[in-house]
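Next comes data_33.txt, with compact mmCIF, C-alpha atoms.
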# COMPACT_ATOMS: atom_id res chain seq x y z
CA MET A 97 0.00 0.00 0.00
CA GLU A 98 1.32 3.44 -0.86
CA ARG A 99 2.38 5.40 2.16
CA ARG A 100 0.85 8.80 2.54
CA SER A 101 2.46 11.93 3.91
CA LEU A 102 2.49 11.52 7.67
CA LEU A 103 2.87 15.09 8.89
CA ARG A 104 1.97 18.45 7.37
CA ALA A 105 1.94 21.97 8.71
CA ALA A 106 -1.26 23.94 8.46
CA VAL A 107 -0.22 27.57 8.43
CA ILE A 108 3.33 28.72 7.72
CA GLY A 109 5.04 31.54 9.59
CA THR A 110 2.41 32.03 12.29
CA SER A 111 2.82 31.61 16.01
CA ALA A 112 0.73 30.81 19.07
CA ALA A 113 1.16 31.92 22.66
CA VAL A 114 2.13 29.01 24.87
CA PHE A 115 3.18 29.20 28.54
CA GLY A 116 3.96 32.90 28.16
CA GLY A 117 6.13 32.40 25.05
CA THR A 118 5.62 31.39 21.43
CA LEU A 119 5.92 28.27 19.35
CA THR A 120 6.49 28.87 15.65
CA ARG A 121 6.34 26.53 12.68
CA GLY A 122 8.16 27.66 9.60
CA ALA A 123 8.25 24.73 7.18
CA ALA A 124 5.52 22.70 5.54
CA TYR A 125 5.25 19.00 6.28
CA ALA A 126 5.00 17.35 2.90
CA ALA A 127 7.34 14.37 2.52
CA PRO A 128 6.63 10.91 3.94
CA ALA A 129 8.06 10.50 7.42
CA GLN A 130 11.14 8.31 7.60
CA PRO A 131 12.64 6.64 10.66
CA GLY A 132 16.13 7.93 11.28
CA PRO A 133 18.57 9.28 13.87
CA GLY A 134 16.90 12.68 13.81
CA PRO A 135 18.50 16.12 14.03
CA TYR A 136 20.49 15.28 17.16
CA GLY A 137 22.00 12.01 15.97
CA ALA A 138 21.92 8.57 17.54
CA LEU A 139 21.33 7.92 21.23
CA GLY A 140 24.42 7.34 23.33
CA ALA A 141 25.00 4.94 26.19
CA ALA A 142 22.82 5.26 29.28
CA ASP A 143 24.03 7.86 31.77
CA ALA A 144 24.16 7.43 35.55
CA ARG A 145 20.38 7.87 35.69
CA GLY A 146 19.76 5.23 33.02
CA ILE A 147 18.83 7.73 30.30
CA GLN A 148 20.16 7.45 26.76
CA LEU A 149 20.59 10.85 25.12
CA PRO A 150 22.20 12.27 21.99
CA ALA A 151 25.71 13.71 22.24
CA GLY A 152 25.85 17.04 24.07
CA PHE A 153 22.79 16.45 26.25
CA SER A 154 22.69 15.64 29.96
CA SER A 155 20.07 14.77 32.55
CA ARG A 156 19.40 15.29 36.22
CA VAL A 157 16.73 14.13 38.65
CA ILE A 158 14.38 16.89 39.80
CA ALA A 159 12.14 14.92 42.15
CA ARG A 160 11.19 11.42 43.28
CA SER A 161 7.80 10.29 44.56
CA ARG A 162 7.51 10.33 48.37
CA GLN A 163 10.91 12.01 48.68
CA THR A 164 11.61 15.62 49.57
CA VAL A 165 12.37 17.84 46.60
CA ALA A 166 15.95 19.09 46.94
CA GLY A 167 16.22 22.41 48.78
CA THR A 168 12.60 22.25 49.98
CA SER A 169 10.51 20.49 52.63
CA TYR A 170 7.93 19.27 50.10
CA GLY A 171 7.41 15.58 49.33
CA TRP A 172 6.86 14.90 45.61
CA HIS A 173 3.63 13.19 44.60
CA ASP A 174 3.02 9.64 43.37
CA ALA A 175 2.59 8.73 39.69
CA PRO A 176 3.67 12.02 38.07
CA ASP A 177 1.86 12.53 34.77
CA GLY A 178 0.99 15.50 32.51
CA GLY A 179 2.90 18.72 33.01
CA ALA A 180 3.71 22.18 31.69
CA CYS A 181 6.10 25.07 32.28
CA PHE A 182 5.20 28.68 33.09
CA ALA A 183 7.45 31.73 33.01
CA ASP A 184 8.07 33.17 36.48
CA GLY A 185 10.05 36.36 36.14
CA SER A 186 13.53 35.27 35.05
CA GLY A 187 12.78 31.73 36.23
CA TRP A 188 9.95 29.28 35.63
CA ILE A 189 7.58 26.79 37.25
CA TYR A 190 6.99 23.18 36.21
CA VAL A 191 3.62 21.72 37.21
CA SER A 192 2.96 17.98 37.33
CA ASN A 193 -0.24 15.96 37.76
CA SER A 194 -0.59 12.94 40.04
CA GLU A 195 -2.41 10.05 38.38
CA ILE A 196 -3.69 8.26 41.46
CA ASN A 197 -7.26 7.70 42.63
CA PRO A 198 -8.16 8.84 45.19
CA GLY A 199 -5.64 11.53 46.07
CA GLY A 200 -4.60 12.83 42.68
CA GLY A 201 -3.92 16.51 42.41
CA VAL A 202 -1.05 18.64 41.09
CA SER A 203 2.33 19.72 42.43
CA ALA A 204 4.64 22.49 41.27
CA VAL A 205 8.39 23.05 41.46
CA ARG A 206 9.90 26.51 41.01
CA PHE A 207 13.26 27.34 39.41
CA ASP A 208 15.35 30.50 39.30
CA ALA A 209 17.06 31.85 36.17
CA ALA A 210 19.99 29.45 36.64
CA GLY A 211 17.73 26.42 36.93
CA THR A 212 18.20 26.03 40.69
CA ILE A 213 15.14 24.71 42.52
CA THR A 214 13.79 27.41 44.84
CA GLY A 215 10.51 25.85 45.98
CA ALA A 216 7.95 23.07 45.62
CA TYR A 217 4.33 22.95 46.74
CA ARG A 218 0.83 21.55 46.12
CA ILE A 219 -1.63 23.44 43.87
CA LEU A 220 -4.47 20.87 43.77
CA ALA A 221 -5.43 18.17 46.26
CA ASP A 222 -8.15 15.56 46.74
CA SER A 223 -9.04 15.04 43.09
CA ARG A 224 -9.06 11.78 41.13
CA GLN A 225 -6.54 10.32 38.72
CA ASN A 226 -5.23 13.56 37.26
CA CYS A 227 -3.72 12.43 34.00
CA ALA A 228 -2.92 15.16 31.49
CA GLY A 229 -4.18 18.71 31.01
CA GLY A 230 -3.10 21.93 29.35
CA ALA A 231 -1.86 25.46 29.95
CA THR A 232 -3.98 28.52 29.24
CA PRO A 233 -2.81 31.84 27.76
CA TRP A 234 -3.77 33.50 31.07
CA ARG A 235 -1.23 31.24 32.80
CA THR A 236 -3.34 28.68 34.59
CA TRP A 237 -3.01 24.90 34.40
CA LEU A 238 -6.03 22.79 33.47
CA SER A 239 -5.72 19.46 35.26
CA CYS A 240 -8.01 16.72 33.92
CA GLU A 241 -9.50 13.76 35.77
CA GLU A 242 -9.28 10.50 33.85
CA VAL A 243 -12.38 8.94 35.40
CA ASP A 244 -15.97 8.57 34.24
CA ARG A 245 -17.68 11.94 34.53
CA GLY A 246 -14.40 13.46 35.61
CA TYR A 247 -13.87 17.19 36.01
CA VAL A 248 -11.44 19.71 34.61
CA TYR A 249 -9.81 21.71 37.41
CA GLU A 250 -8.33 25.13 36.76
CA THR A 251 -5.28 25.59 38.95
CA ASP A 252 -2.83 28.38 39.78
CA PRO A 253 0.83 27.40 39.14
CA TRP A 254 1.88 29.91 41.83
CA GLY A 255 -0.39 28.31 44.41
CA VAL A 256 -1.94 31.65 45.38
CA ASN A 257 -5.49 31.05 44.16
CA ALA A 258 -7.44 27.93 45.06
CA ALA A 259 -8.13 25.38 42.31
CA VAL A 260 -11.62 25.56 40.81
CA ARG A 261 -13.77 22.89 39.16
CA ARG A 262 -14.95 23.78 35.65
CA PRO A 263 -18.05 21.58 35.08
CA ALA A 264 -19.14 23.62 32.05
CA MET A 265 -16.18 22.05 30.20
CA GLY A 266 -17.96 18.71 30.38
CA ARG A 267 -17.90 15.70 32.65
CA PHE A 268 -16.32 12.74 30.91
CA LYS A 269 -13.11 10.70 31.05
CA HIS A 270 -10.83 13.64 30.41
CA GLU A 271 -7.25 13.29 29.25
CA ALA A 272 -5.64 16.45 27.85
CA ALA A 273 -6.51 20.02 26.89
CA ALA A 274 -5.01 22.64 24.56
CA ALA A 275 -5.97 26.31 24.37
CA ASP A 276 -6.42 28.12 21.06
CA PRO A 277 -6.26 31.92 21.49
CA VAL A 278 -7.19 32.56 17.85
CA ARG A 279 -10.60 30.85 17.94
CA ARG A 280 -10.85 31.30 21.72
CA ALA A 281 -11.43 27.61 22.27
CA VAL A 282 -10.05 24.84 24.46
CA TYR A 283 -9.71 21.41 22.77
CA MET A 284 -10.00 18.24 24.85
CA THR A 285 -9.41 14.53 24.38
CA GLU A 286 -11.40 11.65 25.92
CA ASP A 287 -9.60 8.51 27.06
CA THR A 288 -12.02 5.75 26.08
CA GLY A 289 -11.94 3.33 23.17
CA ASP A 290 -14.93 5.08 21.59
CA GLY A 291 -14.06 8.57 22.79
CA CYS A 292 -14.59 11.90 21.07
CA PHE A 293 -12.66 15.09 20.45
CA TYR A 294 -14.18 18.21 22.00
CA ARG A 295 -13.85 21.95 22.12
CA PHE A 296 -15.09 24.32 24.80
CA LEU A 297 -16.03 27.88 23.83
CA PRO A 298 -16.05 30.08 26.95
CA THR A 299 -18.69 32.77 27.11
CA THR A 300 -15.85 35.14 27.97
CA TRP A 301 -12.30 34.28 26.92
CA GLY A 302 -10.23 33.90 30.06
CA ASP A 303 -13.22 32.76 32.16
CA LEU A 304 -14.02 29.04 32.01
CA SER A 305 -17.00 29.13 34.34
CA THR A 306 -19.55 29.22 31.51
CA GLY A 307 -19.58 28.40 27.83
CA THR A 308 -20.52 25.86 25.18
CA LEU A 309 -19.19 22.31 24.89
CA GLN A 310 -19.00 20.95 21.34
CA VAL A 311 -17.92 17.68 19.77
CA LEU A 312 -16.19 17.08 16.44
CA ARG A 313 -18.39 15.48 13.78
CA ALA A 314 -16.92 13.71 10.75
CA GLY A 315 -17.09 10.50 8.77
CA SER A 316 -15.27 7.25 9.45
CA ALA A 317 -12.30 8.01 7.15
CA THR A 318 -8.86 8.93 8.50
CA SER A 319 -8.98 12.28 6.70
CA GLY A 320 -11.60 14.73 5.55
CA THR A 321 -13.61 17.72 6.63
CA PHE A 322 -15.34 18.19 9.98
CA THR A 323 -17.91 20.30 11.76
CA TRP A 324 -18.66 21.04 15.40
CA ALA A 325 -21.94 20.22 17.14
CA THR A 326 -23.09 21.34 20.58
CA VAL A 327 -23.32 18.72 23.32
CA PRO A 328 -26.81 19.20 24.87
CA ASP A 329 -25.88 18.07 28.38
CA PRO A 330 -22.21 18.63 29.36
CA ASP A 331 -22.94 16.99 32.73
CA GLY A 332 -22.94 13.62 30.96
CA SER A 333 -25.71 12.03 33.01
CA PRO A 334 -27.68 9.96 32.32
CA THR A 335 -26.27 9.97 28.77
CA ALA A 336 -22.49 10.20 28.33
CA THR A 337 -21.34 13.27 26.42
CA ARG A 338 -19.88 11.13 23.63
CA ASN A 339 -23.28 9.56 22.97
CA GLN A 340 -25.40 12.71 22.77
CA VAL A 341 -24.60 13.89 19.24
CA SER A 342 -25.33 11.84 16.13
CA GLY A 343 -22.31 11.61 13.84
CA ALA A 344 -19.73 12.42 16.51
CA LYS A 345 -16.41 11.01 15.31
CA ARG A 346 -14.94 8.26 17.47
CA PHE A 347 -11.28 8.04 18.41
CA ASN A 348 -9.58 5.06 20.00
CA GLY A 349 -8.33 6.28 23.35
CA GLY A 350 -7.57 10.00 23.18
CA GLU A 351 -4.35 11.04 24.93
CA GLY A 352 -2.08 14.08 24.57
CA CYS A 353 -3.17 17.32 22.89
CA HIS A 354 -1.11 20.26 21.60
CA TYR A 355 -1.99 23.48 19.78
CA ALA A 356 0.21 25.70 17.59
CA ASP A 357 -0.21 27.66 14.35
CA ASP A 358 -3.92 27.11 13.71
CA THR A 359 -3.38 23.38 14.15
CA VAL A 360 -4.14 21.00 16.98
CA TRP A 361 -2.44 17.62 17.28
CA PHE A 362 -3.64 14.81 19.50
CA THR A 363 -2.69 11.19 20.05
CA THR A 364 -4.80 8.02 20.28
CA LYS A 365 -3.26 5.11 22.14
CA GLY A 366 -5.62 2.38 20.94
CA ASP A 367 -4.34 2.58 17.36
CA ASN A 368 -0.99 4.34 17.95
CA ARG A 369 -1.80 7.40 15.89
CA VAL A 370 -1.16 11.12 15.94
CA TRP A 371 -3.99 13.18 14.45
CA GLN A 372 -3.71 16.64 12.97
CA VAL A 373 -6.67 19.02 12.81
CA ASN A 374 -6.25 22.00 10.50
CA LEU A 375 -8.50 24.50 12.20
CA ALA A 376 -8.21 27.16 9.51
CA ALA A 377 -9.13 24.80 6.68
CA GLY A 378 -11.65 22.71 8.64
CA THR A 379 -9.89 19.43 7.80
CA TYR A 380 -8.33 16.56 9.72
CA GLU A 381 -5.85 13.83 8.79
CA LEU A 382 -3.34 11.41 10.23
CA ALA A 383 -0.06 12.95 11.26
CA TYR A 384 1.48 9.59 12.25
CA ASP A 385 0.32 5.99 12.03
CA ASP A 386 2.74 3.21 12.89
CA SER A 387 0.98 0.86 10.46
CA LEU A 388 2.11 3.13 7.61
CA VAL A 389 5.78 3.01 8.55
CA SER A 390 8.03 0.47 6.81
CA GLY A 391 9.93 -1.79 9.18
CA THR A 392 9.89 -1.30 12.94
CA PRO A 393 7.93 1.83 13.88
CA PRO A 394 10.10 4.34 15.76
CA LEU A 395 7.17 5.50 17.90
CA THR A 396 4.81 3.19 19.77
CA GLY A 397 2.51 3.68 22.74
CA VAL A 398 1.76 7.32 21.91
CA ASP A 399 0.77 9.45 24.88
CA ASN A 400 1.57 13.01 25.99
CA ILE A 401 2.63 15.45 23.25
CA THR A 402 4.27 18.87 23.30
CA GLY A 403 6.04 21.21 20.90
CA ALA A 404 9.44 22.91 20.88
CA PRO A 405 10.33 26.39 19.59
CA SER A 406 12.02 24.63 16.63
CA GLY A 407 8.64 23.32 15.48
CA ASP A 408 9.53 19.74 16.45
CA LEU A 409 6.79 17.70 18.12
CA TYR A 410 7.87 15.62 21.13
CA ILE A 411 5.73 12.57 21.91
CA ALA A 412 6.10 10.46 25.06
CA GLU A 413 5.63 6.70 24.98
CA ASP A 414 3.41 4.75 27.34
CA GLY A 415 5.40 1.51 27.11
CA GLY A 416 7.21 0.87 23.85
CA ASN A 417 10.92 1.48 24.34
CA MET A 418 10.22 4.08 27.04
CA GLU A 419 11.22 6.87 24.70
CA ILE A 420 10.38 10.44 23.90
CA CYS A 421 10.32 10.58 20.12
CA LEU A 422 10.25 13.66 17.95
CA ILE A 423 8.72 14.44 14.59
CA THR A 424 10.61 17.17 12.80
CA PRO A 425 9.32 19.75 10.30
CA ASP A 426 11.08 17.76 7.55
CA ASP A 427 9.18 14.61 8.53
CA VAL A 428 11.82 12.60 10.36
CA VAL A 429 10.44 10.47 13.21
CA ALA A 430 13.18 9.52 15.66
CA PRO A 431 13.84 8.80 19.35
CA PHE A 432 15.20 11.77 21.28
CA LEU A 433 15.77 9.92 24.55
CA ARG A 434 15.23 6.50 26.08
CA VAL A 435 14.85 5.58 29.77
CA THR A 436 16.37 2.18 30.50
CA GLY A 437 15.41 -0.23 33.29
CA HIS A 438 11.87 1.19 33.62
CA SER A 439 9.93 -1.31 31.53
CA GLY A 440 6.98 -1.28 33.95
CA SER A 441 6.53 2.47 33.69
CA GLU A 442 5.56 5.10 31.12
CA ILE A 443 7.00 8.43 30.04
CA THR A 444 4.83 11.41 31.01
CA GLY A 445 4.68 15.17 31.25
CA PRO A 446 7.11 16.42 28.58
CA ALA A 447 7.36 20.22 28.69
CA PHE A 448 9.99 22.79 27.76
CA SER A 449 11.15 25.67 29.92
CA PRO A 450 10.03 29.03 28.49
CA ASP A 451 13.40 29.59 26.78
CA GLY A 452 13.27 26.13 25.15
CA ARG A 453 16.60 25.06 26.65
CA ARG A 454 15.37 22.50 29.19
CA LEU A 455 12.99 19.58 28.80
CA TYR A 456 11.12 18.17 31.78
CA PHE A 457 9.42 14.77 31.93
CA SER A 458 8.75 11.88 34.29
CA SER A 459 8.95 8.12 34.47
CA GLN A 460 5.60 7.62 36.13
CA ARG A 461 6.35 4.41 38.02
CA GLY A 462 10.14 4.32 37.96
CA SER A 463 12.23 1.18 37.87
CA SER A 464 10.01 -0.77 40.29
CA GLY A 465 6.77 -0.24 38.37
CA SER A 466 5.11 1.26 41.45
CA SER A 467 3.23 4.57 41.48
CA SER A 468 5.21 5.47 44.60
CA ALA A 469 8.48 5.23 42.63
CA GLY A 470 7.94 7.97 40.04
CA VAL A 471 10.92 10.07 38.95
CA THR A 472 10.86 13.53 37.37
CA TYR A 473 13.81 14.58 35.21
CA GLU A 474 15.32 17.57 33.45
CA VAL A 475 17.33 17.35 30.22
CA THR A 476 19.58 20.17 29.04
CA GLY A 477 21.63 20.51 25.89
CA PRO A 478 21.82 22.10 22.44
CA PHE A 479 18.11 22.09 21.60
CA ARG A 480 17.29 23.61 18.24
CA GLY A 481 15.95 27.13 18.44

Could you take the file, read its structure, and then write that structure out as structure tokens?
Amino acid sequence: MERRSLLRAAVIGTSAAVFGGTLTRGAAYAAPAQPGPGPYGALGAADARGIQLPAGFSSRVIARSRQTVAGTSYGWHDAPDGGACFADGSGWIYVSNSEINPGGGVSAVRFDAAGTITGAYRILADSRQNCAGGATPWRTWLSCEEVDRGYVYETDPWGVNAAVRRPAMGRFKHEAAAADPVRRAVYMTEDTGDGCFYRFLPTTWGDLSTGTLQVLRAGSATSGTFTWATVPDPDGSPTATRNQVSGAKRFNGGEGCHYADDTVWFTTKGDNRVWQVNLAAGTYELAYDDSLVSGTPPLTGVDNITGAPSGDLYIAEDGGNMEICLITPDDVVAPFLRVTGHSGSEITGPAFSPDGRRLYFSSQRGSSGSSSAGVTYEVTGPFRG
């Protein structure tokens, strides 16, 4: 079967505000994706922390579950999952979900301009199985509950304002969220085998207390045009939100979600795909499908997704080779890093510092495979600008 182009850019030369900075895509995705060493070359031998990285990159441990974060009195949470970075003066804050039920919640760790940890604290407690989420342009973190009729919580990365439930955004098995300042929408994935892809249109941009929940409608093909339809009852009871609209397109286990340049990408774990929705053109297509790759697919177990200032997409694996893989603007799909000795875990929470020079992520269950053994890392090196 002829392979199709696996990744294309939607709008060239535009940018989107993310975490107080911008992500810009400059080149069109047109050629078929090819497995290869990627822009940073092959992975080297595992370092002292068991991480294989390209030449010039190094890692350090930021936090371990149930252990005190260095320089603070705060104990890091179990099962670290989705995360994001926020500019904080000349420093930044990394927030991280806790995917346990009950307990859940979100923690934050603060860094100064040199990358030294200056604080750690809780910003959400007593929620359920907080998996992924998304940052907003007004610098809050949306933490999503991956349970039936779960909530989206809006949290303050600085820990000043109390977290708030946002039921208007729908009650379903939430996974991730991505804010679109152009259309003033928040896109959301649903982690079920017959899940849907949603958008929430706040009545007032910057205020998520009220608004309209809509679901994407399209045919059964892997590419085509789409429309949005309003979900009558965002509360999801007695009828689940995914079953309220005729013609709602089904996706096999929605996971990570990322917005940039009039395009939203999201992953589906059930069929190991990355989807691309061209919001300006009103079309959708596959951005990656391991069944379309000759030989051994470089990316399996797709999960969280984020973008770098270079335009590269970074996708974490739930299983697979325990890698973070990247897809470049010239369509190369390659591993960027691999965590060894953690086969019972998954990679979670990839996020770049505001200057794009540091990448944060976690091994959710560490080397023992236990939620109490999670490890959160930082990688530094010559990232492409």

Report the closest atom pair, with its distance in Å rounded to one decimal, for each residue of stretch 248-337 of chain A that has an atom no farther than 10 Å from stretch 183-192 of chain A; count only C-alpha atoms, sort by chain and then rising residue number, and write it as a tab-separated table.
residue	atom	partner	partner_atom	distance
A:Thr251	CA	A:Val191	CA	9.9
A:Asp252	CA	A:Val191	CA	9.6
A:Pro253	CA	A:Val191	CA	6.6
A:Trp254	CA	A:Ile189	CA	7.9

Distance table requested - stretch 205-284 of chain A against stretch 368-377 of chain A, cut-off 10 Å, all atoms listed in the file: one row per qualifying residue with the closest atom pair and its distance in Å to one decimal, ordered by chain and rising residue number, as a Markdown table.
| residue | atom | partner | partner_atom | distance |
| --- | --- | --- | --- | --- |
| A:Asp276 | CA | A:Leu375 | CA | 9.8 |
| A:Val278 | CA | A:Leu375 | CA | 9.9 |
| A:Arg279 | CA | A:Leu375 | CA | 8.8 |

Give me the residues within 9 Å of A:Gln163 as an MDAnalysis selection string, counting all atoms listed in the file and dropping any in the same chain fewer than 5 places off.
-> chainID A and resid 170:173

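Taking all atoms listed in the file into account, A:Ala274 lies nearest to A:Thr359 out of the set A:Ser387, A:Thr164, A:Thr359, A:Asn197.
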
Determine, for each residue of stretch 202-242 of chain A having at least one atom at most 10 Å from an atom of stretch 287-307 of chain A, the closest pair of atoms and their separation in Å to one decimal, counting all atoms listed in the file; order by chain and ascending number, as JSON lines.
{"residue": "A:Cys227", "atom": "CA", "partner": "A:Asp287", "partner_atom": "CA", "distance": 9.9}
{"residue": "A:Thr232", "atom": "CA", "partner": "A:Gly302", "partner_atom": "CA", "distance": 8.3}
{"residue": "A:Pro233", "atom": "CA", "partner": "A:Gly302", "partner_atom": "CA", "distance": 8.0}
{"residue": "A:Trp234", "atom": "CA", "partner": "A:Gly302", "partner_atom": "CA", "distance": 6.6}
{"residue": "A:Arg235", "atom": "CA", "partner": "A:Gly302", "partner_atom": "CA", "distance": 9.8}
{"residue": "A:Thr236", "atom": "CA", "partner": "A:Gly302", "partner_atom": "CA", "distance": 9.8}
{"residue": "A:Glu242", "atom": "CA", "partner": "A:Asp287", "partner_atom": "CA", "distance": 7.1}

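For the atom pair formed by atom CA of A:Val248 and atom CA of A:Arg261, the distance is 6.0 Å, given to one decimal.
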
Near A:Ile196, within 8 Å and counting all atoms listed in the file, which residues show up once chain neighbours fewer than 4 positions away are dropped, as number ranges by chain?
-> A: 174-175, 200, 224-226, 467

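Using only C-alpha atoms, the protein and nucleic acid residues lying no more than 8 Å from A:Ala166, apart from those fewer than 5 places from it along its own chain, are Ile158, Ala159 and Ile213 of chain A.
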
Using all atoms listed in the file, can you list as a compact mmCIF listing (two decimals) with C-alpha atoms, in the coordinates of the input the residues within 9 Å of (14.3, 13.2, 28.1)?
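point.txt, freshly written:
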# COMPACT_ATOMS: atom_id res chain seq x y z
CA ILE A 147 18.83 7.73 30.30
CA GLN A 148 20.16 7.45 26.76
CA LEU A 149 20.59 10.85 25.12
CA SER A 154 22.69 15.64 29.96
CA SER A 155 20.07 14.77 32.55
CA GLU A 419 11.22 6.87 24.70
CA ILE A 420 10.38 10.44 23.90
CA PHE A 432 15.20 11.77 21.28
CA LEU A 433 15.77 9.92 24.55
CA ARG A 434 15.23 6.50 26.08
CA VAL A 435 14.85 5.58 29.77
CA ILE A 443 7.00 8.43 30.04
CA PRO A 446 7.11 16.42 28.58
CA LEU A 455 12.99 19.58 28.80
CA TYR A 456 11.12 18.17 31.78
CA PHE A 457 9.42 14.77 31.93
CA SER A 458 8.75 11.88 34.29
CA TYR A 473 13.81 14.58 35.21
CA GLU A 474 15.32 17.57 33.45
CA VAL A 475 17.33 17.35 30.22
CA THR A 476 19.58 20.17 29.04

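The shortest atom-to-atom distance to A:Glu351, with only C-alpha atoms taken into account, belongs to A:Thr444 out of A:Ser333, A:Ser439, A:Thr444, A:Ser463.
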
Please provide as a count of residues only all residues within 9 Å of A:Asp386, with the sequence filter that same-chain residues fewer than 4 positions apart are discarded (counting all atoms listed in the file).
-> 9

Can you list, as a PDB file with C-alpha atoms, in the frame of the given file, every protein, DNA or RNA residue that comes within 12 Å of A:Arg453 when you count all atoms listed in the file, leaving out same-chain residues fewer than 6 positions away?
ATOM      1  CA  PHE A 153      22.790  16.450  26.250  1.00  0.00           C
ATOM      2  CA  SER A 154      22.690  15.640  29.960  1.00  0.00           C
ATOM      3  CA  CYS A 181       6.100  25.070  32.280  1.00  0.00           C
ATOM      4  CA  TRP A 188       9.950  29.280  35.630  1.00  0.00           C
ATOM      5  CA  ALA A 209      17.060  31.850  36.170  1.00  0.00           C
ATOM      6  CA  ALA A 210      19.990  29.450  36.640  1.00  0.00           C
ATOM      7  CA  GLY A 211      17.730  26.420  36.930  1.00  0.00           C
ATOM      8  CA  ALA A 404       9.440  22.910  20.880  1.00  0.00           C
ATOM      9  CA  PRO A 405      10.330  26.390  19.590  1.00  0.00           C
ATOM     10  CA  SER A 406      12.020  24.630  16.630  1.00  0.00           C
ATOM     11  CA  ALA A 447       7.360  20.220  28.690  1.00  0.00           C
ATOM     12  CA  GLU A 474      15.320  17.570  33.450  1.00  0.00           C
ATOM     13  CA  VAL A 475      17.330  17.350  30.220  1.00  0.00           C
ATOM     14  CA  THR A 476      19.580  20.170  29.040  1.00  0.00           C
ATOM     15  CA  GLY A 477      21.630  20.510  25.890  1.00  0.00           C
ATOM     16  CA  PRO A 478      21.820  22.100  22.440  1.00  0.00           C
ATOM     17  CA  PHE A 479      18.110  22.090  21.600  1.00  0.00           C
ATOM     18  CA  ARG A 480      17.290  23.610  18.240  1.00  0.00           C
ATOM     19  CA  GLY A 481      15.950  27.130  18.440  1.00  0.00           C
TER      20      GLY A 481
END

Separation of atom CA of A:Tyr283 from atom CA of A:Ala344 in Å = 14.8 Å

Quick one: pull the distance between atom CA of A:Thr424 and atom CA of A:Gly134, Å, one decimal.
-> 7.8 Å
